[in-house]
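Containing mmCIF, C-alpha atoms: upload.cif.
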data_start
loop_
_atom_site.label_atom_id
_atom_site.label_comp_id
_atom_site.auth_asym_id
_atom_site.auth_seq_id
_atom_site.Cartn_x
_atom_site.Cartn_y
_atom_site.Cartn_z
CA MET A 1368 127.23 83.85 92.03
CA ILE A 1369 127.77 87.31 93.38
CA HIS A 1370 125.72 88.60 96.30
CA LEU A 1371 125.38 92.32 96.70
CA TYR A 1372 124.96 93.87 100.14
CA GLY A 1373 124.79 97.48 99.19
CA VAL A 1374 126.13 100.53 97.44
CA VAL A 1375 128.34 102.56 99.76
CA ASP A 1376 130.04 105.91 99.86
CA GLY A 1377 132.98 106.77 102.09
CA LEU A 1378 133.41 103.26 103.46
CA THR A 1379 136.39 103.33 105.85
CA ALA A 1380 137.04 99.56 105.94
CA LEU A 1381 135.15 96.34 105.36
CA PRO A 1382 133.56 94.98 108.55
CA PRO A 1383 135.38 91.99 110.04
CA LEU A 1384 132.76 89.38 109.26
CA ALA A 1385 131.93 86.95 106.48
CA GLY A 1386 129.02 87.24 104.09
CA LEU A 1387 126.50 84.65 102.94
CA GLU A 1388 127.80 81.09 102.97
CA GLU A 1389 130.80 82.32 104.97
CA ALA A 1390 132.29 83.92 101.86
CA ALA A 1391 134.66 86.87 102.30
CA LEU A 1392 133.32 90.38 101.74
CA GLU A 1393 134.85 92.36 98.89
CA ARG A 1394 134.70 95.94 97.66
CA CYS A 1395 134.30 96.66 94.00
CA ARG A 1396 133.98 99.86 92.01
CA VAL A 1397 131.72 100.33 89.00
CA ASP A 1398 132.24 103.73 87.45
CA GLY A 1399 131.91 106.10 90.40
CA LEU A 1400 129.93 103.74 92.63
CA GLU A 1401 131.37 101.47 95.27
CA LEU A 1402 129.74 98.11 95.97
CA VAL A 1403 130.16 95.54 98.72
CA LEU A 1404 129.69 91.93 97.68
CA SER A 1405 130.65 88.34 98.29
CA ARG A 1406 131.04 85.38 95.94
CA SER A 1407 129.49 82.02 96.54
CA GLN A 1408 130.54 78.74 94.97
CA THR A 1409 127.01 77.58 94.29
CA ALA A 1410 125.60 78.09 90.83
CA GLN A 1411 122.15 79.01 92.15
CA SER A 1412 120.99 81.96 94.14
CA ALA A 1413 121.46 81.57 97.84
CA GLU A 1414 118.60 79.87 99.53
CA ILE A 1415 116.69 82.42 101.49
CA SER A 1416 116.73 81.17 105.03
CA ARG A 1417 116.58 82.76 108.41
CA ASP A 1418 120.37 82.62 108.54
CA SER A 1419 120.87 84.34 105.22
CA VAL A 1420 118.38 87.08 106.14
CA LEU A 1421 120.18 87.70 109.42
CA ARG A 1422 123.63 87.62 107.81
CA HIS A 1423 122.63 90.03 105.06
CA ALA A 1424 121.09 92.36 107.65
CA LYS A 1425 124.20 92.16 109.84
CA VAL A 1426 126.56 93.00 106.98
CA VAL A 1427 124.44 95.97 105.90
CA GLU A 1428 124.21 97.25 109.46
CA GLU A 1429 127.99 97.04 109.86
CA LEU A 1430 128.41 98.92 106.58
CA MET A 1431 126.17 101.69 107.86
CA GLY A 1432 128.46 102.24 110.84
CA ARG A 1433 131.50 102.53 108.58
CA SER A 1434 130.16 104.64 105.70
CA ALA A 1435 129.00 108.14 104.95
CA ALA A 1436 126.07 106.67 103.04
CA VAL A 1437 124.77 103.18 102.30
CA LEU A 1438 122.01 101.93 100.03
CA PRO A 1439 121.03 98.48 101.28
CA ALA A 1440 120.47 95.94 98.52
CA GLN A 1441 117.43 93.69 98.57
CA LEU A 1442 118.27 90.10 99.40
CA GLY A 1443 117.22 87.55 96.84
CA ARG A 1444 118.96 88.78 93.74
CA ALA A 1445 122.28 87.37 92.72
CA PHE A 1446 124.49 88.06 89.76
CA ARG A 1447 126.23 85.45 87.67
CA ASP A 1448 129.46 87.40 87.39
CA GLU A 1449 131.01 90.84 87.65
CA ASP A 1450 130.00 91.82 84.13
CA GLU A 1451 126.36 91.20 84.89
CA LEU A 1452 126.59 93.13 88.14
CA ALA A 1453 128.41 96.03 86.46
CA ALA A 1454 125.81 96.20 83.70
CA ALA A 1455 122.99 96.31 86.26
CA VAL A 1456 124.74 99.07 88.22
CA ARG A 1457 125.48 101.13 85.11
CA ALA A 1458 121.88 100.88 83.98
CA GLN A 1459 120.76 102.59 87.21
CA ALA A 1460 123.80 104.72 88.04
CA PRO A 1461 122.03 108.13 88.07
CA GLN A 1462 119.22 106.82 90.31
CA LEU A 1463 121.73 105.18 92.66
CA GLU A 1464 123.72 108.39 92.96
CA ARG A 1465 120.60 110.39 93.75
CA ALA A 1466 119.47 107.82 96.30
CA LEU A 1467 122.89 107.89 98.01
CA GLU A 1468 122.58 111.65 98.43
CA ARG A 1469 119.08 111.27 99.75
CA VAL A 1470 120.09 108.91 102.59
CA ARG A 1471 123.47 110.47 103.36
CA GLY A 1472 123.85 111.08 107.08
CA CYS A 1473 120.46 109.53 107.80
CA VAL A 1474 119.11 106.47 109.56
CA GLU A 1475 115.71 104.85 109.35
CA PHE A 1476 113.20 104.17 112.10
CA GLY A 1477 110.22 101.89 111.78
CA LEU A 1478 106.86 102.10 113.50
CA ARG A 1479 104.29 99.36 113.50
CA ALA A 1480 101.03 99.48 115.40
CA VAL A 1481 99.45 96.06 115.61
CA SER A 1482 95.89 95.84 116.83
CA SER A 1483 94.89 92.43 118.12
CA GLU A 1484 91.22 93.28 117.56
CA SER A 1485 91.57 93.29 113.79
CA VAL A 1486 92.55 89.64 113.52
CA GLY A 1487 89.96 87.61 111.62
CA GLU A 1488 87.18 90.14 112.06
CA LEU A 1489 86.22 90.59 108.47
CA ASP A 1490 84.38 87.33 107.90
CA ALA A 1491 81.11 89.02 108.77
CA ALA A 1492 77.95 87.29 107.58
CA SER A 1493 76.15 90.02 105.64
CA GLY A 1494 77.40 92.66 103.26
CA THR A 1495 76.27 95.36 105.65
CA ASP A 1496 78.19 93.81 108.53
CA TYR A 1497 81.21 93.53 106.31
CA MET A 1498 81.03 97.18 105.28
CA ARG A 1499 80.56 98.28 108.88
CA ALA A 1500 83.56 96.25 110.01
CA ARG A 1501 85.60 97.59 107.12
CA LEU A 1502 84.66 101.17 107.96
CA GLU A 1503 85.63 100.67 111.59
CA GLU A 1504 88.99 99.38 110.47
CA VAL A 1505 89.62 102.42 108.35
CA GLN A 1506 88.60 104.74 111.19
CA ARG A 1507 90.83 102.87 113.60
CA SER A 1508 93.86 103.13 111.38
CA ASP A 1509 93.14 106.83 110.73
CA ARG A 1510 93.17 107.41 114.49
CA LEU A 1511 96.48 105.58 114.75
CA VAL A 1512 97.91 107.78 112.02
CA ALA A 1513 96.86 110.92 113.90
CA GLN A 1514 98.04 109.67 117.30
CA LEU A 1515 101.25 107.90 116.36
CA HIS A 1516 102.42 108.78 112.89
CA GLU A 1517 101.79 112.50 112.63
CA PRO A 1518 103.80 113.53 115.73
CA LEU A 1519 106.82 111.67 114.27
CA ALA A 1520 106.48 112.61 110.62
CA GLY A 1521 107.48 116.20 111.33
CA LEU A 1522 110.87 115.02 112.61
CA ALA A 1523 111.72 113.07 109.46
CA HIS A 1524 113.13 114.09 106.08
CA GLU A 1525 110.93 111.53 104.38
CA VAL A 1526 108.29 109.04 105.43
CA THR A 1527 106.48 106.01 104.08
CA LEU A 1528 103.10 104.99 105.48
CA GLN A 1529 100.97 101.95 104.89
CA GLN A 1530 97.54 101.35 106.40
CA HIS A 1531 96.04 97.92 106.27
CA GLY A 1532 93.43 96.10 108.28
CA GLY A 1533 93.19 98.74 111.00
CA GLU A 1534 96.93 98.70 111.52
CA ILE A 1535 99.68 101.00 110.40
CA SER A 1536 103.26 100.53 109.34
CA ALA A 1537 105.53 103.52 108.79
CA ALA A 1538 109.18 104.26 108.12
CA TYR A 1539 111.02 107.51 108.82
CA LEU A 1540 114.24 108.81 107.31
CA VAL A 1541 115.90 110.79 110.10
CA ALA A 1542 119.22 112.66 110.26
CA ARG A 1543 121.68 110.91 112.59
CA GLU A 1544 121.83 114.05 114.75
CA GLY A 1545 118.05 113.94 115.07
CA ALA A 1546 117.86 110.29 116.09
CA GLU A 1547 117.79 111.00 119.81
CA ALA A 1548 115.05 113.62 119.49
CA PHE A 1549 113.09 111.15 117.37
CA GLN A 1550 113.38 108.44 120.01
CA ASP A 1551 112.30 110.92 122.69
CA ALA A 1552 109.23 111.72 120.61
CA VAL A 1553 108.47 108.00 120.33
CA ALA A 1554 108.67 107.68 124.11
CA ARG A 1555 106.19 110.55 124.51
CA LEU A 1556 103.58 109.05 122.17
CA GLU A 1557 100.22 108.34 123.67
CA ARG A 1558 99.76 104.67 122.92
CA PRO A 1559 96.22 103.37 122.68
CA PRO A 1560 95.85 100.41 125.06
CA GLU A 1561 94.31 98.11 122.45
CA VAL A 1562 97.30 98.20 120.14
CA THR A 1563 100.89 97.11 120.49
CA VAL A 1564 103.19 99.80 119.19
CA VAL A 1565 106.66 98.76 118.19
CA CYS A 1566 109.28 101.30 117.19
CA THR A 1567 112.43 99.80 115.69
CA GLY A 1568 115.72 101.28 114.61
CA PRO A 1569 117.99 102.88 113.85
CA TRP A 1570 118.05 100.79 110.67
CA PRO A 1571 120.07 101.25 107.53
CA PRO A 1572 117.77 103.15 105.16
CA TYR A 1573 116.17 100.11 103.48
CA SER A 1574 112.83 101.81 102.93
CA PHE A 1575 114.37 104.82 101.22
CA ALA A 1576 116.98 103.10 99.08
CA ALA A 1577 114.90 103.09 95.93
CA GLU A 1578 113.37 106.14 94.35
CA ALA A 1579 109.64 106.70 94.37
CA ARG A 1580 108.93 103.66 96.48
CA GLN A 1581 105.39 103.78 97.73
CA MET B 344 104.35 94.86 130.45
CA SER B 345 103.05 91.33 130.10
CA THR B 346 105.15 88.51 128.69
CA ASP B 347 102.67 88.10 125.84
CA ARG B 348 103.07 91.66 124.81
CA GLN B 349 106.82 91.31 124.94
CA ALA B 350 106.57 88.22 122.75
CA LEU B 351 104.45 90.17 120.31
CA GLN B 352 106.97 93.00 120.29
CA TYR B 353 109.72 90.53 119.54
CA GLU B 354 107.78 89.02 116.66
CA VAL B 355 106.92 92.42 115.23
CA THR B 356 110.58 93.38 115.40
CA LEU B 357 111.49 90.23 113.51
CA LEU B 358 108.82 90.99 110.96
CA GLU B 359 110.24 94.49 110.54
CA LEU B 360 113.68 93.02 109.88
CA VAL B 361 112.51 90.41 107.38
CA ASP B 362 110.29 92.91 105.60
CA ARG B 363 113.23 95.27 105.14
CA VAL B 364 115.75 92.70 103.97
CA LEU B 365 113.40 90.93 101.54
CA ASN B 366 110.95 93.60 100.43
CA LYS B 367 112.78 96.90 100.71
CA GLY B 368 116.24 97.90 99.66
CA VAL B 369 117.49 98.77 96.26
CA VAL B 370 116.85 96.24 93.51
CA LEU B 371 119.42 96.02 90.79
CA SER B 372 117.19 94.00 88.58
CA GLY B 373 118.39 90.48 88.02
CA ASP B 374 119.87 90.24 84.57
CA ILE B 375 117.97 88.27 81.94
CA THR B 376 120.77 85.70 82.07
CA LEU B 377 119.54 84.64 85.50
CA SER B 378 117.75 81.44 84.73
CA VAL B 379 114.03 81.12 85.36
CA ALA B 380 114.65 78.14 87.61
CA ASN B 381 116.83 80.23 89.88
CA VAL B 382 114.27 82.99 90.09
CA ASP B 383 111.58 80.48 90.99
CA LEU B 384 113.75 79.09 93.75
CA VAL B 385 114.15 82.56 95.18
CA TYR B 386 110.44 83.17 95.20
CA VAL B 387 109.63 79.81 96.74
CA GLY B 388 112.13 80.41 99.55
CA LEU B 389 110.74 83.86 100.10
CA ARG B 390 107.14 82.76 100.37
CA VAL B 391 107.95 80.01 102.82
CA LEU B 392 109.83 82.39 105.06
CA LEU B 393 107.19 85.10 104.96
CA ALA B 394 104.47 82.57 105.63
CA SER B 395 106.26 81.28 108.71
CA VAL B 396 106.77 84.81 110.03
CA ALA B 397 103.12 85.66 109.46
CA THR B 398 102.12 82.55 111.36
CA MET B 399 104.32 83.43 114.29
CA GLU B 400 102.83 86.90 114.40
CA GLU B 401 99.32 85.51 114.30
CA GLN B 402 100.06 83.09 117.12
CA ALA B 403 101.54 85.88 119.20
CA LEU B 404 98.45 87.99 118.57
CA LEU B 405 96.15 85.17 119.60
CA ALA B 406 98.21 84.58 122.73
CA ALA B 407 98.02 88.27 123.61
CA GLU B 408 94.29 88.26 123.07
CA GLY B 409 93.81 85.15 125.16
CA ALA B 410 95.76 86.63 128.06
CA ARG B 411 93.43 89.61 128.31
CA ARG B 412 90.28 87.52 128.57
#
Take the structure I supplied and represent it as structure tokens, if you would.
Amino acid sequence: MIHLYGVVDGLTALPPLAGLEEAALERCRVDGLELVLSRSQTAQSAEISRDSVLRHAKVVEELMGRSAAVLPAQLGRAFRDEDELAAAVRAQAPQLERALERVRGCVEFGLRAVSSESVGELDAASGTDYMRARLEEVQRSDRLVAQLHEPLAGLAHEVTLQQHGGEISAAYLVAREGAEAFQDAVARLERPPEVTVVCTGPWPPYSFAAEARQ
Amino acid sequence: MSTDRQALQYEVTLLELVDRVLNKGVVLSGDITLSVANVDLVYVGLRVLLASVATMEEQALLAAEGARR
């Protein structure tokens, strides 16, 4: 089985670490696209464990530091052999090339605002209570968007935003040169006391690796 | 910052990592030659992991809530 870590451009050298199942990392070219992969002896897909998640993430992060652009691959897909991998890459080559341009020179930041008040609140007895609780949730997450997301969105090339259960989760595609200004803006955010706001990054651009991802 | 809040921040960070690695990223769709059994295994592993992360987050939230009371 072949495990794919990402599509890279301008990779200087492979990072000095092993991939999943301690297999060596390899570079491989399919048409104009360069891939980083490893081969495992097992016939099945790698078991998704905490270790494999962390190893995949570590490899992709190391690739980001050594490349002009990297498209992280989703963990959980494996290819039987090189022909299968090459066919899959060729089938999406134009999209992959566009996505590489889109993330070139950029990093991703994540923002998650978790409100402890929203846990298990929606089991209200009557329909009216339910609707009221639901409305409050929507209003709460709209306030979080205005307070937390909007000041940051202007500093990003692209954003994704999800609102659910009175909480928000957002990702920002930011130019490397703008990363410091972005982090300063995060530090200046007015954080509502009832929510825990966690800003993470810089990440490889996972959330912007595919086109038209909602 | 309280220890509970730090624990929650840690769990949210872990959630952010797992969400990216398993749910985001480019998908070069698994070829049809990938057997159904293998695909099922992937999904089972994924659900188990996500469930355990969700549980940790919930516990951290409850702990944070309890500390304020």
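Distance-wise, atom CA of A:Leu1384 and atom CA of A:Arg1422 end up 9.4 Å apart.
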Exercise. Could you list, as a PyMOL selection string, every residue of chain A that has an atom within 9 Å of an atom of chain B, counting only C-alpha atoms?
Worked result: chain A and resi 1373-1374+1411-1417+1420-1421+1423-1424+1438-1447+1451-1452+1454-1456+1458-1459+1463+1477-1479+1481-1484+1486+1563-1567+1570+1572-1578+1580
Exercise. Near A:Cys1395, within 10 Å and counting only C-alpha atoms, which residues show up once chain neighbours fewer than 5 positions away are dropped, as a ChimeraX atom specification?
Worked result: /A:1374,1400-1404,1449,1453
Could you tell me, as a PDB file with C-alpha atoms, keeping the file's coordinate frame, exactly which residues end up selected when the PyMOL selection byres ((chain A and resi 1543) around 9) is applied to this structure?
ATOM      1  CA  GLY A1472     123.850 111.080 107.080  1.00  0.00           C
ATOM      2  CA  CYS A1473     120.460 109.530 107.800  1.00  0.00           C
ATOM      3  CA  VAL A1474     119.110 106.470 109.560  1.00  0.00           C
ATOM      4  CA  VAL A1541     115.900 110.790 110.100  1.00  0.00           C
ATOM      5  CA  ALA A1542     119.220 112.660 110.260  1.00  0.00           C
ATOM      6  CA  GLU A1544     121.830 114.050 114.750  1.00  0.00           C
ATOM      7  CA  GLY A1545     118.050 113.940 115.070  1.00  0.00           C
ATOM      8  CA  ALA A1546     117.860 110.290 116.090  1.00  0.00           C
ATOM      9  CA  GLU A1547     117.790 111.000 119.810  1.00  0.00           C
ATOM     10  CA  PRO A1569     117.990 102.880 113.850  1.00  0.00           C
TER      11      PRO A1569
END
For this session: Give the answer as one residue: which of A:Ala1391, A:Val1437, A:Leu1540, A:Leu1528 has the shortest atom-to-atom distance to A:Ala1480, using all atoms listed in the file?
Result: A:Leu1528
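Atom pair atom CA of A:Ala1500 / atom CA of A:His1531: separated by 13.1 Å.
Atom pair atom CA of A:Ala1520 / atom CA of A:Asp1551: separated by 13.5 Å.
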Please write as a compact mmCIF listing (two decimals) with C-alpha atoms, in the coordinates of the input the full residue list that the PyMOL selection byres ((chain A and resi 1399) around 10) yields on this file.
# COMPACT_ATOMS: atom_id res chain seq x y z
CA ASP A 1376 130.04 105.91 99.86
CA ARG A 1396 133.98 99.86 92.01
CA VAL A 1397 131.72 100.33 89.00
CA ASP A 1398 132.24 103.73 87.45
CA LEU A 1400 129.93 103.74 92.63
CA GLU A 1401 131.37 101.47 95.27
CA LEU A 1402 129.74 98.11 95.97
CA ARG A 1457 125.48 101.13 85.11
CA ALA A 1460 123.80 104.72 88.04
CA GLU A 1464 123.72 108.39 92.96
For this session: Give as a VMD selection string the residues that the PyMOL selection byres ((chain A and resi 1539) around 7) matches when applied to the coordinates above.
Result: chain A and resid 1475 to 1477 1523 1525 to 1527 1537 to 1538 1540 to 1541
Which residues are near A:Ala1385? Cut-off 12 Å, only C-alpha atoms, ignore same chain within fewer than 2 positions. Put them as a PDB file with C-alpha atoms, in the frame of the given file.
ATOM      1  CA  TYR A1372     124.960  93.870 100.140  1.00  0.00           C
ATOM      2  CA  LEU A1381     135.150  96.340 105.360  1.00  0.00           C
ATOM      3  CA  PRO A1382     133.560  94.980 108.550  1.00  0.00           C
ATOM      4  CA  PRO A1383     135.380  91.990 110.040  1.00  0.00           C
ATOM      5  CA  LEU A1387     126.500  84.650 102.940  1.00  0.00           C
ATOM      6  CA  GLU A1388     127.800  81.090 102.970  1.00  0.00           C
ATOM      7  CA  GLU A1389     130.800  82.320 104.970  1.00  0.00           C
ATOM      8  CA  ALA A1390     132.290  83.920 101.860  1.00  0.00           C
ATOM      9  CA  ALA A1391     134.660  86.870 102.300  1.00  0.00           C
ATOM     10  CA  LEU A1392     133.320  90.380 101.740  1.00  0.00           C
ATOM     11  CA  GLU A1393     134.850  92.360  98.890  1.00  0.00           C
ATOM     12  CA  VAL A1403     130.160  95.540  98.720  1.00  0.00           C
ATOM     13  CA  LEU A1404     129.690  91.930  97.680  1.00  0.00           C
ATOM     14  CA  SER A1405     130.650  88.340  98.290  1.00  0.00           C
ATOM     15  CA  ARG A1406     131.040  85.380  95.940  1.00  0.00           C
ATOM     16  CA  SER A1407     129.490  82.020  96.540  1.00  0.00           C
ATOM     17  CA  SER A1419     120.870  84.340 105.220  1.00  0.00           C
ATOM     18  CA  ARG A1422     123.630  87.620 107.810  1.00  0.00           C
ATOM     19  CA  HIS A1423     122.630  90.030 105.060  1.00  0.00           C
ATOM     20  CA  LYS A1425     124.200  92.160 109.840  1.00  0.00           C
ATOM     21  CA  VAL A1426     126.560  93.000 106.980  1.00  0.00           C
ATOM     22  CA  VAL A1427     124.440  95.970 105.900  1.00  0.00           C
ATOM     23  CA  GLU A1429     127.990  97.040 109.860  1.00  0.00           C
TER      24      GLU A1429
END
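Shortest atom-to-atom contact with A:Met1368 among A:Thr1409, A:Leu1430, A:Pro1461, A:Arg1501: A:Thr1409, counting all atoms listed in the file.
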